[in-house]
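So the structure is just underneath, and the comments pick up after that.
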Amino acid sequence: MTGTLGTHRLQDELLGEAERLAQGLLPRVDAFRTRQRDDGTIAEPGEEDRASLRAIRDEAVRWFAGHGRTGQADALAADVDGWLAAGLDTPPHFARSRDALTAPADGDWAAFLAPVQTTNSVPPVGRRLEFFLVRRKEPDALPELAVRYPHPKNNCQATVLLAGSEGLTRGNCIVFFPENVAAHDKVAEQAYAIFFFSKFRRIHETYAVPSARAVLTPESVPRASIGMHPEACYQARSLWGYLHDYFHHQGRWPLDQHIKLKMNWFIGVLEELKVDARTVLACHDETVPYAHEQIAMILLERMFRYPLDARAVRNFDAGTGVFLYSWLRERRALADHGSRLSLSYDGVIDGLRELVETIEAMEAAVTTPEAYRAAARELVRTHLREGAEGDRYACTADQSRLVRAQGRLASLPPLRFAPAEL
């Protein structure tokens, strides 16, 4: 199972591996993760827990080594043995596994096993043991797009999720970053950023689109991303991912040089809004493949899906959507129309231009991290008011419009993703 095989032959081999994993390793991982708490520990671990982890270790090490990934096999064995020695009631430390993973080349595959935070997955969400097998599949238009938007250090991988544990195959988690791995140390630089974009279409159609339809007038709901062919949707979403990350690395305070600073909650809210706004403007102003589809995806996801989170007032992405909503409301890009709101495309474009200009002017005016954090907080607070203790913000009555469909959508069964949907 190597990337040197022909595309179709490799795909067939990967599908075979996905089926074998579903019969062997994955049920063991899923059973073990149910014993873990949010921080990865097991309360009052017994010999059955230790035996279960040793069995997972042995099977996974054989699997990685058997497929030529000896570095990952050795790292996994060391991490598991270290955790067993420390006690399963202590937080796991899988830095060796985290650092042994390398980004696959386009068309090749990658796999990983460690306690991982699966953001936006089905509860319980925490640093539980997870496994994934993916095939990297970059969009066809990327080489041409990268000429016009040359990424200084692209470390993002668009992938198809072929097999995974329940934290990844159930629910809405579509990202895996090294900082998601349970470890005692912090990541200084991202060596990879894996996106499970094969999951996106069903998430978008199931949650973002109905949520927008509950808030907006029928004629003003962005439609370009609705009902897309799975392959076209994957291509468009992957291009959005590239442009989003490209813009992270531009400007006065680029992400790669200030990654710890960008993790500040207020700076992060503005950073995400800025790069998505710049992506929309690039799609509007330039000739970009799937331009209208990307714009619709960004608006629907950012404003109408992210705020649906059950703990939205503590959720970073939800905060970006609520802020953007109020920013556009203030500029009448979202205007009252009976019991619903009417979205003006031209108004949105104008509002996003102003948003980018405002954020970039603030970034240009500050010269120290302390000043940056203070200025970002002040700007965010213009539309996200102080919340209760422990909350990042509190929603106003108007902002609560965004969750009209929350109850209905929350009652839906979690999405399940079968191997190789593309």
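Every chain in the structure tokens has a letter given in the order shown (A, B, ...), and although residue numbers restart at 1 in each chain, ligands are simply numbered from 1 in the order shown.
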Long-range neighbours of stretch 201-205 of chain A as number ranges by chain, 9 Å cut-off, only C-alpha atoms, 3 positions minimum in chain | A: 171-172, 197-198, 208-210, 225-230, 233-234, 237, 297, 300-301, 305, 415
Residue neighbourhood stretch 74-84 of chain A, 9 Å, only C-alpha atoms, exclusion window fewer than 6 positions, as a count of residues only = 21
Which is closest to A:Gly16 among A:Gly107, A:Arg373, A:Glu386, A:Pro419, if we use only C-alpha atoms?
->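 Of A:Gly107, A:Arg373, A:Glu386, A:Pro419, the one nearest A:Gly16 is A:Pro419, counting only C-alpha atoms.
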Residues of stretch 313-376 of chain A in strand (DSSP E), written as an MDAnalysis selection string | chainID A and resid 334:337 340:343
Using only C-alpha atoms, pick whichever of A:Ile359, A:Val116, A:Phe304, A:Glu19 has the shortest atom-to-atom distance to A:Thr206.
->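 Looking at the shortest contact to A:Thr206, the residue is A:Phe304.
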Rounded to one decimal place, report the atom CA of A:Gln190-atom CA of A:Gly268 distance in Å.
-> 16.1 Å
Which neighbours of A:His284 fall inside 10 Å, counting only C-alpha atoms, when residues of the same chain fewer than 4 positions from it are skipped, and could you give them as a PyMOL selection string?
-> chain A and resi 278-280+288+291-292+294-295+349
Those residues with N, CA and C atoms, as an mmCIF file, in the first residue's frame please?
data_model
loop_
_atom_site.group_PDB
_atom_site.id
_atom_site.type_symbol
_atom_site.label_atom_id
_atom_site.label_comp_id
_atom_site.auth_asym_id
_atom_site.auth_seq_id
_atom_site.Cartn_x
_atom_site.Cartn_y
_atom_site.Cartn_z
ATOM 1 N N ARG A 278 -11.473 37.689 3.218
ATOM 2 C CA ARG A 278 -10.553 37.872 2.096
ATOM 3 C C ARG A 278 -10.744 36.777 1.047
ATOM 4 N N THR A 279 -11.115 35.580 1.471
ATOM 5 C CA THR A 279 -11.417 34.514 0.513
ATOM 6 C C THR A 279 -12.657 34.863 -0.299
ATOM 7 N N VAL A 280 -13.693 35.346 0.359
ATOM 8 C CA VAL A 280 -14.909 35.768 -0.348
ATOM 9 C C VAL A 280 -14.579 36.865 -1.352
ATOM 10 N N VAL A 288 -11.704 32.821 -9.916
ATOM 11 C CA VAL A 288 -11.353 31.707 -9.041
ATOM 12 C C VAL A 288 -12.320 30.560 -9.310
ATOM 13 N N ALA A 291 -16.088 29.895 -7.587
ATOM 14 C CA ALA A 291 -16.147 31.138 -6.810
ATOM 15 C C ALA A 291 -17.482 31.300 -6.082
ATOM 16 N N HIS A 292 -18.575 31.173 -6.797
ATOM 17 C CA HIS A 292 -19.889 31.371 -6.169
ATOM 18 C C HIS A 292 -20.170 30.300 -5.123
ATOM 19 N N GLN A 294 -17.927 28.742 -3.290
ATOM 20 C CA GLN A 294 -17.130 29.028 -2.096
ATOM 21 C C GLN A 294 -17.761 30.153 -1.268
ATOM 22 N N ILE A 295 -18.215 31.189 -1.933
ATOM 23 C CA ILE A 295 -18.841 32.301 -1.210
ATOM 24 C C ILE A 295 -20.056 31.813 -0.430
ATOM 25 N N ILE A 349 -20.808 41.935 0.358
ATOM 26 C CA ILE A 349 -19.485 42.211 -0.202
ATOM 27 C C ILE A 349 -18.934 43.526 0.357
#
A:Leu281 proximity check over A:Gly241, A:Gly351, A:Met263, A:His258, using only C-alpha atoms: winner is A:Gly351
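For the pair atom CA of A:Gly338 and atom CA of A:Pro218, the separation is 12.3 Å.
Remark: for A:Glu271, the closest of the candidate residues A:Glu363, A:Ser400, A:Val215, A:Asp346 is A:Glu363 (distances computed over only C-alpha atoms).
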Between A:Leu409, A:Leu216, A:Ala232, A:Val366, which has the minimum distance to A:Ser342 (counting only C-alpha atoms)?
-> A:Leu216
Contacts of stretch 139-148 of chain A at 12 Å (only C-alpha atoms; same-chain gap of 4+ positions) as JSON, numbers by chain = {"A": [106, 107, 152, 153, 154, 157, 158, 159, 160, 197, 198, 231, 232, 233, 234, 235, 236, 237, 238, 239, 240, 241, 242, 243, 245, 246, 282, 283, 286, 287, 288, 289, 290, 291]}
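When atom CA of A:Gly321 is paired with atom CA of A:Arg408, their separation reads 19.5 Å.
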Out of stretch 139-360 of chain A, which residues get helix (DSSP H, G or I) from DSSP, as a ChimeraX atom specification?
-> /A:142-148,166-169,178-180,197-215,218-220,230-248,255-257,259-262,265-285,291-308,312-314,316-330,345-360
Nearest to A:Val175 among A:Phe132, A:Tyr149, A:Trp109, A:Tyr393, with distances taken over only C-alpha atoms: which residue is it?
->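 Answer, going by the shortest atom-to-atom distance: A:Phe132.
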